[in-house]
Amino acid sequence: MYGEVVSTRQLGSHLVRVVLGGPGLDGFTTTGNADEYVNCYFLPPDAPYAPPFEDEAVRDLPRPQRPRPRRITVRSWDDARRELTLDIAAHGDVGHAGRWATRARPGDRLQLRGPAGGYHPHPDAASYLLVGDESALPAIAACAEAVPEGRPVTAVLEVEDAAGEVPLHSPGVLHVRWVHRTGHADPEGLLADAVRALPPAPGPVSAFVHGEAGATRAVRRVLLGEGVVDEQMLSCSPYWRRGLDDEQWRAVKADWVRALAAEDVTA
Ligand SMILES: Cc1cc2nc3c(=O)[nH]c(=O)nc-3n(C[C@H](O)[C@H](O)[C@H](O)COP(=O)(O)OP(=O)(O)OC[C@H]3O[C@@H](n4cnc5c(N)ncnc54)[C@H](O)[C@@H]3O)c2cc1C
């Protein structure tokens with residue numbers, strides 16, 4: 001499966017919205033989940049092939065020429081137009097996904113696989129807490145739109161500075177708290193500090209904490225350690241790790257997640 005870029009636009013200083021369409025998406029069927037994502041295959045510069053390509057055709061190429069898979073959330077799927085919207089973090093002139101998004105032009109093609117994902121905001125929660133950085137903003141925005149009408153929703157979102165803020169919408173009663181990274185040499189604890197400072201919310205609380213691995217771990221410690229959220233009402237997913245690219249992160253991610261699950265958060 002592949003999409004052709006229909007349009008792109010800057011959505012805040014560090015997020016690029018890419019709308020994909022075309023006949024290569026004929027096989028796309030949405031799961032309807034709020035955290036739905038696709039595996040996108042970004043090509044290294046000078047790759048001797050282009051989408052659509054078969055896995056077998058690229059599997060035995062020298063490693064530097066193979067496509068780089070990256071998971072990207074389905075921000076929305078328009079069934080009538082058969083268009084897929086992705087919001088991709090552009091984090092300097094690094095990263096296959098980020099660089100591709102800043103350079104994408106109408107007609108460019110992106111190979112995809114999926115979708116997958118299995119999260120929906122818990123229907124029985126009394127309130128919702130959504131926490132993350134730009135990489136999780138698309139999933140958080142989708143979660144905010146998927147909560148039951150009238151329920152309190154708090155989003156705590158880390159972006160570079162005020163220019164990175166984007167509007168969010170919800171049928172719930174939405175309160176957004178923006179956290180700015182700029183000027184902080186080590187931003188790992190910023191989201192956790194902001195979550196710790198929130199006023200108490202009606203329980204049970206359903207929490208969605210996705211994004212940079214160290215930051216999500218710090219938020220998890222606050223939520224579970226201080227009894228804000230029951231573990232079964234917490235979705236916590238380390239999407240990426242500062243200082244590692246996605247290949248390096250995937251090589252250690254399973255161990256990281258195992259260690260996180262075994263942590264004594266009351267210590
Ligand atoms: C289920 C799932 C859904 C995701 N959805 C989205 C999404 O909708 N949009 C999105 O942008 N990302 C999303 N991500 C995260 C994304 O897959 C990773 O951040 C990926 O590493 C980005 O690839 P890259 O090629 O741009 O950078 P890489 O080549 O992986 O990394 C290059 C350098 O950039 C750093 N880096 C990577 N991501 C970021 C970032 N966000 N901010 C600052 N530095 C970074 C790395 O640590 C590394 O130093 C999702 C991840 C998962 C697991």
# chains A, B, ... in the order shown; residues from 1 in each chain; ligands from 1
call {"tool": "residues_around", "arguments": {"residues": "A:Gly24", "least_positions_apart": "4", "cutoff": "9 Å", "atoms": "only C-alpha atoms", "output": "list in words"}}
result
Met1, Tyr2, Gly3, Glu4, Phe28, Pro52 and Gln111 of chain A
call {"tool": "write_last_selection", "arguments": {"atoms": "N, CA and C atoms", "output": "short mmCIF file (atom, residue, chain, number, x, y, z; two decimals), in the first residue's frame"}}
result
data_model
loop_
_atom_site.label_atom_id
_atom_site.label_comp_id
_atom_site.auth_asym_id
_atom_site.auth_seq_id
_atom_site.Cartn_x
_atom_site.Cartn_y
_atom_site.Cartn_z
N MET A 1 0.84 -1.19 0.00
CA MET A 1 0.00 0.00 0.00
C MET A 1 0.89 1.26 0.00
N TYR A 2 0.46 2.30 -0.68
CA TYR A 2 1.21 3.55 -0.66
C TYR A 2 0.25 4.73 -0.84
N GLY A 3 0.68 5.87 -0.32
CA GLY A 3 -0.12 7.08 -0.50
C GLY A 3 0.66 8.09 -1.32
N GLU A 4 -0.08 8.94 -2.02
CA GLU A 4 0.54 10.05 -2.76
C GLU A 4 0.20 11.34 -2.04
N PHE A 28 -6.91 0.44 2.03
CA PHE A 28 -6.86 0.90 3.42
C PHE A 28 -8.22 0.75 4.10
N PRO A 52 5.44 2.17 -5.46
CA PRO A 52 5.31 0.99 -4.62
C PRO A 52 6.41 -0.02 -4.94
N GLN A 111 5.38 4.64 1.00
CA GLN A 111 4.94 3.25 1.17
C GLN A 111 4.46 3.06 2.61
#
call {"tool": "residues_near_ligand", "arguments": {"ligand": "ligand 1", "cutoff": "7 Å", "atoms": "only C-alpha atoms and all ligand atoms", "output": "PyMOL selection string"}}
result
chain A and resi 37+70-75+86-91+94-99+134-136+138-139+238-247
call {"tool": "write_last_selection", "arguments": {"atoms": "C-alpha atoms", "output": "PDB file, in the first residue's frame"}}
result
ATOM      1  CA  TYR A  37      -0.995   4.003  13.323  1.00  0.00           C
ATOM      2  CA  ARG A  70       8.691   4.472  11.252  1.00  0.00           C
ATOM      3  CA  ARG A  71       5.346   4.260  13.030  1.00  0.00           C
ATOM      4  CA  ILE A  72       3.127   7.287  12.499  1.00  0.00           C
ATOM      5  CA  THR A  73      -0.358   7.808  13.957  1.00  0.00           C
ATOM      6  CA  VAL A  74      -3.354   8.067  11.673  1.00  0.00           C
ATOM      7  CA  ARG A  75      -4.512  11.542  12.655  1.00  0.00           C
ATOM      8  CA  LEU A  86      -0.547  12.135   9.197  1.00  0.00           C
ATOM      9  CA  ASP A  87       1.052  14.744  11.475  1.00  0.00           C
ATOM     10  CA  ILE A  88       4.817  14.227  11.576  1.00  0.00           C
ATOM     11  CA  ALA A  89       7.237  15.863  14.014  1.00  0.00           C
ATOM     12  CA  ALA A  90      10.021  17.769  12.266  1.00  0.00           C
ATOM     13  CA  HIS A  91      12.887  17.838  14.737  1.00  0.00           C
ATOM     14  CA  VAL A  94      17.626  14.865  11.300  1.00  0.00           C
ATOM     15  CA  GLY A  95      15.463  11.774  11.106  1.00  0.00           C
ATOM     16  CA  HIS A  96      14.130  10.019   8.016  1.00  0.00           C
ATOM     17  CA  ALA A  97      10.490  10.738   8.879  1.00  0.00           C
ATOM     18  CA  GLY A  98      11.031  14.327  10.007  1.00  0.00           C
ATOM     19  CA  ARG A  99      13.188  15.255   7.019  1.00  0.00           C
ATOM     20  CA  GLU A 134       4.682  16.347  19.430  1.00  0.00           C
ATOM     21  CA  SER A 135       5.061  12.665  18.484  1.00  0.00           C
ATOM     22  CA  ALA A 136       1.967  11.826  20.561  1.00  0.00           C
ATOM     23  CA  PRO A 138      -1.802  13.306  16.789  1.00  0.00           C
ATOM     24  CA  ALA A 139      -2.943  10.385  18.982  1.00  0.00           C
ATOM     25  CA  PRO A 238       7.407   5.049  24.867  1.00  0.00           C
ATOM     26  CA  TYR A 239       7.324   6.065  21.184  1.00  0.00           C
ATOM     27  CA  TRP A 240      10.958   7.209  20.851  1.00  0.00           C
ATOM     28  CA  ARG A 241      14.076   7.740  22.959  1.00  0.00           C
ATOM     29  CA  ARG A 242      16.089  10.963  23.047  1.00  0.00           C
ATOM     30  CA  GLY A 243      19.598  10.353  21.643  1.00  0.00           C
ATOM     31  CA  LEU A 244      18.631   7.153  19.777  1.00  0.00           C
ATOM     32  CA  ASP A 245      17.252   6.829  16.288  1.00  0.00           C
ATOM     33  CA  ASP A 246      14.362   4.452  15.719  1.00  0.00           C
ATOM     34  CA  GLU A 247      16.581   1.510  14.719  1.00  0.00           C
TER      35      GLU A 247
END
call {"tool": "select_by_dssp", "arguments": {"residues": "stretch 123-173 of chain A", "states": "alpha helix (DSSP H)", "output": "VMD selection string"}}
result
chain A and resid 137 to 146
call {"tool": "residues_around", "arguments": {"residues": "A:Ala126", "least_positions_apart": "5", "cutoff": "10 Å", "atoms": "only C-alpha atoms", "output": "PyMOL selection string"}}
result
chain A and resi 148+151-153+201-206
call {"tool": "closest_residue", "arguments": {"among": "A:Ala197, A:Asp186, A:Glu160, A:His210", "to": "A:Gly12", "atoms": "only C-alpha atoms"}}
result
A:Glu160
call {"tool": "residues_around", "arguments": {"residues": "A:Pro187", "least_positions_apart": "2", "cutoff": "12 Å", "atoms": "only C-alpha atoms", "output": "list of chain:residue names"}}
result
A:Asp133, A:Glu158, A:Val159, A:Glu160, A:Val179, A:His180, A:Arg181, A:Thr182, A:Gly183, A:His184, A:Ala185, A:Gly189, A:Leu190, A:Leu191, A:Ala192, A:Asp193, A:Ala194, A:Glu212, A:Ala213, A:Gly214, A:Ala215, A:Thr216, A:Ala218, A:Arg242
call {"tool": "atom_distance", "arguments": {"atom1": "atom CA of A:Gly164", "atom2": "atom CA of A:Arg17"}}
result
13.0 Å
call {"tool": "residues_around", "arguments": {"residues": "A:Val156", "least_positions_apart": "6", "cutoff": "6 Å", "atoms": "only C-alpha atoms", "output": "PyMOL selection string"}}
result
chain A and resi 131+177-178
call {"tool": "closest_residue", "arguments": {"among": "A:Pro67, A:Gly27, A:Gly92, A:Pro121", "to": "A:His14", "atoms": "only C-alpha atoms"}}
result
A:Gly92
call {"tool": "closest_residue", "arguments": {"among": "A:Ala34, A:Ala47, A:Val19, A:Val228", "to": "A:Leu137", "atoms": "only C-alpha atoms"}}
result
A:Ala34
call {"tool": "select_by_dssp", "arguments": {"residues": "stretch 95-251 of chain A", "states": "strand (DSSP E)", "output": "JSON, numbers by chain"}}
result
{"A": [109, 110, 111, 112, 113, 114, 115, 116, 127, 128, 129, 130, 131, 132, 152, 153, 154, 155, 156, 157, 158, 159, 173, 174, 175, 176, 177, 178, 179, 180, 205, 206, 207, 208, 209, 210, 211, 212, 234, 235, 236, 237, 238, 239, 240]}
call {"tool": "closest_residue", "arguments": {"among": "A:Met233, A:Ala146, A:Leu11, A:Leu157", "to": "A:Thr102", "atoms": "only C-alpha atoms"}}
result
A:Leu11
call {"tool": "residues_around", "arguments": {"residues": "A:Ala50", "least_positions_apart": "4", "cutoff": "9 Å", "atoms": "only C-alpha atoms", "output": "PyMOL selection string"}}
result
chain A and resi 43+109-111
call {"tool": "atom_distance", "arguments": {"atom1": "atom CA of A:Gly117", "atom2": "atom CA of A:Thr31"}}
result
7.6 Å
call {"tool": "residues_around", "arguments": {"residues": "A:Ala104", "least_positions_apart": "6", "cutoff": "9 Å", "atoms": "only C-alpha atoms", "output": "list in words"}}
result
Val5, Ser7, Thr8 and Val18 of chain A
call {"tool": "write_last_selection", "arguments": {"atoms": "C-alpha atoms", "output": "CSV table (one decimal), in the first residue's frame"}}
result
chain,number,residue,atom,x,y,z
A,5,VAL,CA,1.0,13.4,-1.1
A,7,SER,CA,-1.1,18.5,0.4
A,8,THR,CA,1.2,19.5,3.2
A,18,VAL,CA,0.7,15.5,5.3
call {"tool": "closest_residue", "arguments": {"among": "A:Ala163, A:Pro106, A:Pro48, A:Tyr128", "to": "A:Gln10", "atoms": "only C-alpha atoms"}}
result
A:Ala163
call {"tool": "decode", "arguments": {"residues": "stretch 203-246 of chain A", "atoms": "N, CA and C atoms", "output": "PDB file, in the first residue's frame"}}
result
ATOM      1  N   GLY A 203     -12.395  10.769  39.655  1.00  0.00           N
ATOM      2  CA  GLY A 203     -11.986   9.411  39.300  1.00  0.00           C
ATOM      3  C   GLY A 203     -13.190   8.526  39.038  1.00  0.00           C
ATOM      4  N   PRO A 204     -12.999   7.387  38.395  1.00  0.00           N
ATOM      5  CA  PRO A 204     -11.705   6.924  37.894  1.00  0.00           C
ATOM      6  C   PRO A 204     -11.209   7.739  36.700  1.00  0.00           C
ATOM      7  N   VAL A 205      -9.865   7.920  36.692  1.00  0.00           N
ATOM      8  CA  VAL A 205      -9.216   8.678  35.616  1.00  0.00           C
ATOM      9  C   VAL A 205      -8.676   7.688  34.585  1.00  0.00           C
ATOM     10  N   SER A 206      -8.938   7.961  33.313  1.00  0.00           N
ATOM     11  CA  SER A 206      -8.338   7.186  32.219  1.00  0.00           C
ATOM     12  C   SER A 206      -7.187   8.016  31.650  1.00  0.00           C
ATOM     13  N   ALA A 207      -5.966   7.456  31.674  1.00  0.00           N
ATOM     14  CA  ALA A 207      -4.797   8.254  31.256  1.00  0.00           C
ATOM     15  C   ALA A 207      -4.106   7.634  30.046  1.00  0.00           C
ATOM     16  N   PHE A 208      -3.670   8.498  29.156  1.00  0.00           N
ATOM     17  CA  PHE A 208      -2.964   8.111  27.920  1.00  0.00           C
ATOM     18  C   PHE A 208      -1.663   8.894  27.930  1.00  0.00           C
ATOM     19  N   VAL A 209      -0.539   8.195  28.127  1.00  0.00           N
ATOM     20  CA  VAL A 209       0.764   8.848  28.284  1.00  0.00           C
ATOM     21  C   VAL A 209       1.716   8.253  27.248  1.00  0.00           C
ATOM     22  N   HIS A 210       1.918   8.950  26.146  1.00  0.00           N
ATOM     23  CA  HIS A 210       2.748   8.424  25.058  1.00  0.00           C
ATOM     24  C   HIS A 210       3.761   9.502  24.661  1.00  0.00           C
ATOM     25  N   GLY A 211       4.904   9.074  24.083  1.00  0.00           N
ATOM     26  CA  GLY A 211       5.891  10.052  23.629  1.00  0.00           C
ATOM     27  C   GLY A 211       7.299   9.610  23.956  1.00  0.00           C
ATOM     28  N   GLU A 212       8.164  10.565  24.299  1.00  0.00           N
ATOM     29  CA  GLU A 212       9.574  10.246  24.582  1.00  0.00           C
ATOM     30  C   GLU A 212       9.651   9.319  25.793  1.00  0.00           C
ATOM     31  N   ALA A 213      10.539   8.313  25.693  1.00  0.00           N
ATOM     32  CA  ALA A 213      10.538   7.221  26.677  1.00  0.00           C
ATOM     33  C   ALA A 213      10.804   7.691  28.115  1.00  0.00           C
ATOM     34  N   GLY A 214      11.838   8.522  28.300  1.00  0.00           N
ATOM     35  CA  GLY A 214      12.165   8.967  29.659  1.00  0.00           C
ATOM     36  C   GLY A 214      11.049   9.823  30.246  1.00  0.00           C
ATOM     37  N   ALA A 215      10.445  10.646  29.408  1.00  0.00           N
ATOM     38  CA  ALA A 215       9.363  11.523  29.879  1.00  0.00           C
ATOM     39  C   ALA A 215       8.125  10.703  30.256  1.00  0.00           C
ATOM     40  N   THR A 216       7.799   9.691  29.449  1.00  0.00           N
ATOM     41  CA  THR A 216       6.616   8.871  29.769  1.00  0.00           C
ATOM     42  C   THR A 216       6.861   8.071  31.059  1.00  0.00           C
ATOM     43  N   ARG A 217       8.095   7.613  31.241  1.00  0.00           N
ATOM     44  CA  ARG A 217       8.424   6.886  32.471  1.00  0.00           C
ATOM     45  C   ARG A 217       8.246   7.793  33.695  1.00  0.00           C
ATOM     46  N   ALA A 218       8.712   9.041  33.579  1.00  0.00           N
ATOM     47  CA  ALA A 218       8.602   9.980  34.706  1.00  0.00           C
ATOM     48  C   ALA A 218       7.130  10.275  35.021  1.00  0.00           C
ATOM     49  N   VAL A 219       6.295  10.406  33.981  1.00  0.00           N
ATOM     50  CA  VAL A 219       4.871  10.672  34.212  1.00  0.00           C
ATOM     51  C   VAL A 219       4.207   9.444  34.832  1.00  0.00           C
ATOM     52  N   ARG A 220       4.565   8.273  34.339  1.00  0.00           N
ATOM     53  CA  ARG A 220       3.995   7.029  34.894  1.00  0.00           C
ATOM     54  C   ARG A 220       4.277   6.932  36.393  1.00  0.00           C
ATOM     55  N   ARG A 221       5.513   7.283  36.776  1.00  0.00           N
ATOM     56  CA  ARG A 221       5.885   7.214  38.203  1.00  0.00           C
ATOM     57  C   ARG A 221       4.979   8.118  39.035  1.00  0.00           C
ATOM     58  N   VAL A 222       4.687   9.314  38.521  1.00  0.00           N
ATOM     59  CA  VAL A 222       3.811  10.242  39.265  1.00  0.00           C
ATOM     60  C   VAL A 222       2.400   9.654  39.354  1.00  0.00           C
ATOM     61  N   LEU A 223       1.865   9.204  38.214  1.00  0.00           N
ATOM     62  CA  LEU A 223       0.458   8.779  38.174  1.00  0.00           C
ATOM     63  C   LEU A 223       0.220   7.542  39.039  1.00  0.00           C
ATOM     64  N   LEU A 224       1.126   6.564  38.928  1.00  0.00           N
ATOM     65  CA  LEU A 224       0.931   5.332  39.709  1.00  0.00           C
ATOM     66  C   LEU A 224       1.434   5.511  41.139  1.00  0.00           C
ATOM     67  N   GLY A 225       2.595   6.174  41.278  1.00  0.00           N
ATOM     68  CA  GLY A 225       3.195   6.348  42.605  1.00  0.00           C
ATOM     69  C   GLY A 225       2.310   7.173  43.524  1.00  0.00           C
ATOM     70  N   GLU A 226       1.589   8.141  42.942  1.00  0.00           N
ATOM     71  CA  GLU A 226       0.750   9.005  43.783  1.00  0.00           C
ATOM     72  C   GLU A 226      -0.723   8.599  43.716  1.00  0.00           C
ATOM     73  N   GLY A 227      -0.983   7.432  43.120  1.00  0.00           N
ATOM     74  CA  GLY A 227      -2.339   6.873  43.128  1.00  0.00           C
ATOM     75  C   GLY A 227      -3.351   7.686  42.334  1.00  0.00           C
ATOM     76  N   VAL A 228      -2.887   8.432  41.323  1.00  0.00           N
ATOM     77  CA  VAL A 228      -3.810   9.255  40.519  1.00  0.00           C
ATOM     78  C   VAL A 228      -4.629   8.362  39.577  1.00  0.00           C
ATOM     79  N   VAL A 229      -3.982   7.287  39.088  1.00  0.00           N
ATOM     80  CA  VAL A 229      -4.592   6.416  38.070  1.00  0.00           C
ATOM     81  C   VAL A 229      -4.341   4.963  38.465  1.00  0.00           C
ATOM     82  N   ASP A 230      -5.342   4.103  38.256  1.00  0.00           N
ATOM     83  CA  ASP A 230      -5.115   2.655  38.420  1.00  0.00           C
ATOM     84  C   ASP A 230      -4.368   2.147  37.198  1.00  0.00           C
ATOM     85  N   GLU A 231      -3.501   1.160  37.404  1.00  0.00           N
ATOM     86  CA  GLU A 231      -2.666   0.698  36.291  1.00  0.00           C
ATOM     87  C   GLU A 231      -3.493   0.239  35.088  1.00  0.00           C
ATOM     88  N   GLN A 232      -4.645  -0.394  35.361  1.00  0.00           N
ATOM     89  CA  GLN A 232      -5.444  -0.896  34.215  1.00  0.00           C
ATOM     90  C   GLN A 232      -6.136   0.239  33.454  1.00  0.00           C
ATOM     91  N   MET A 233      -6.095   1.454  34.007  1.00  0.00           N
ATOM     92  CA  MET A 233      -6.689   2.609  33.305  1.00  0.00           C
ATOM     93  C   MET A 233      -5.596   3.480  32.669  1.00  0.00           C
ATOM     94  N   LEU A 234      -4.360   2.973  32.664  1.00  0.00           N
ATOM     95  CA  LEU A 234      -3.233   3.750  32.136  1.00  0.00           C
ATOM     96  C   LEU A 234      -2.690   3.119  30.853  1.00  0.00           C
ATOM     97  N   SER A 235      -2.671   3.893  29.777  1.00  0.00           N
ATOM     98  CA  SER A 235      -1.987   3.464  28.555  1.00  0.00           C
ATOM     99  C   SER A 235      -0.690   4.266  28.472  1.00  0.00           C
ATOM    100  N   CYS A 236       0.439   3.559  28.572  1.00  0.00           N
ATOM    101  CA  CYS A 236       1.730   4.243  28.612  1.00  0.00           C
ATOM    102  C   CYS A 236       2.621   3.641  27.519  1.00  0.00           C
ATOM    103  N   SER A 237       3.040   4.436  26.564  1.00  0.00           N
ATOM    104  CA  SER A 237       3.826   3.883  25.457  1.00  0.00           C
ATOM    105  C   SER A 237       5.001   4.790  25.097  1.00  0.00           C
ATOM    106  N   PRO A 238       6.226   4.260  25.244  1.00  0.00           N
ATOM    107  CA  PRO A 238       7.407   5.049  24.867  1.00  0.00           C
ATOM    108  C   PRO A 238       7.624   4.977  23.351  1.00  0.00           C
ATOM    109  N   TYR A 239       7.262   6.062  22.653  1.00  0.00           N
ATOM    110  CA  TYR A 239       7.324   6.065  21.184  1.00  0.00           C
ATOM    111  C   TYR A 239       8.758   6.159  20.666  1.00  0.00           C
ATOM    112  N   TRP A 240       9.592   6.962  21.341  1.00  0.00           N
ATOM    113  CA  TRP A 240      10.958   7.209  20.851  1.00  0.00           C
ATOM    114  C   TRP A 240      11.828   7.529  22.055  1.00  0.00           C
ATOM    115  N   ARG A 241      13.158   7.481  21.846  1.00  0.00           N
ATOM    116  CA  ARG A 241      14.076   7.740  22.959  1.00  0.00           C
ATOM    117  C   ARG A 241      15.074   8.814  22.542  1.00  0.00           C
ATOM    118  N   ARG A 242      15.147   9.885  23.347  1.00  0.00           N
ATOM    119  CA  ARG A 242      16.089  10.963  23.047  1.00  0.00           C
ATOM    120  C   ARG A 242      17.502  10.410  22.914  1.00  0.00           C
ATOM    121  N   GLY A 243      18.218  10.790  21.852  1.00  0.00           N
ATOM    122  CA  GLY A 243      19.598  10.353  21.643  1.00  0.00           C
ATOM    123  C   GLY A 243      19.718   9.082  20.817  1.00  0.00           C
ATOM    124  N   LEU A 244      18.595   8.376  20.602  1.00  0.00           N
ATOM    125  CA  LEU A 244      18.631   7.153  19.777  1.00  0.00           C
ATOM    126  C   LEU A 244      17.752   7.356  18.551  1.00  0.00           C
ATOM    127  N   ASP A 245      18.196   6.825  17.407  1.00  0.00           N
ATOM    128  CA  ASP A 245      17.252   6.829  16.288  1.00  0.00           C
ATOM    129  C   ASP A 245      16.353   5.599  16.426  1.00  0.00           C
ATOM    130  N   ASP A 246      15.386   5.478  15.528  1.00  0.00           N
ATOM    131  CA  ASP A 246      14.362   4.452  15.719  1.00  0.00           C
ATOM    132  C   ASP A 246      14.938   3.035  15.642  1.00  0.00           C
TER     133      ASP A 246
END
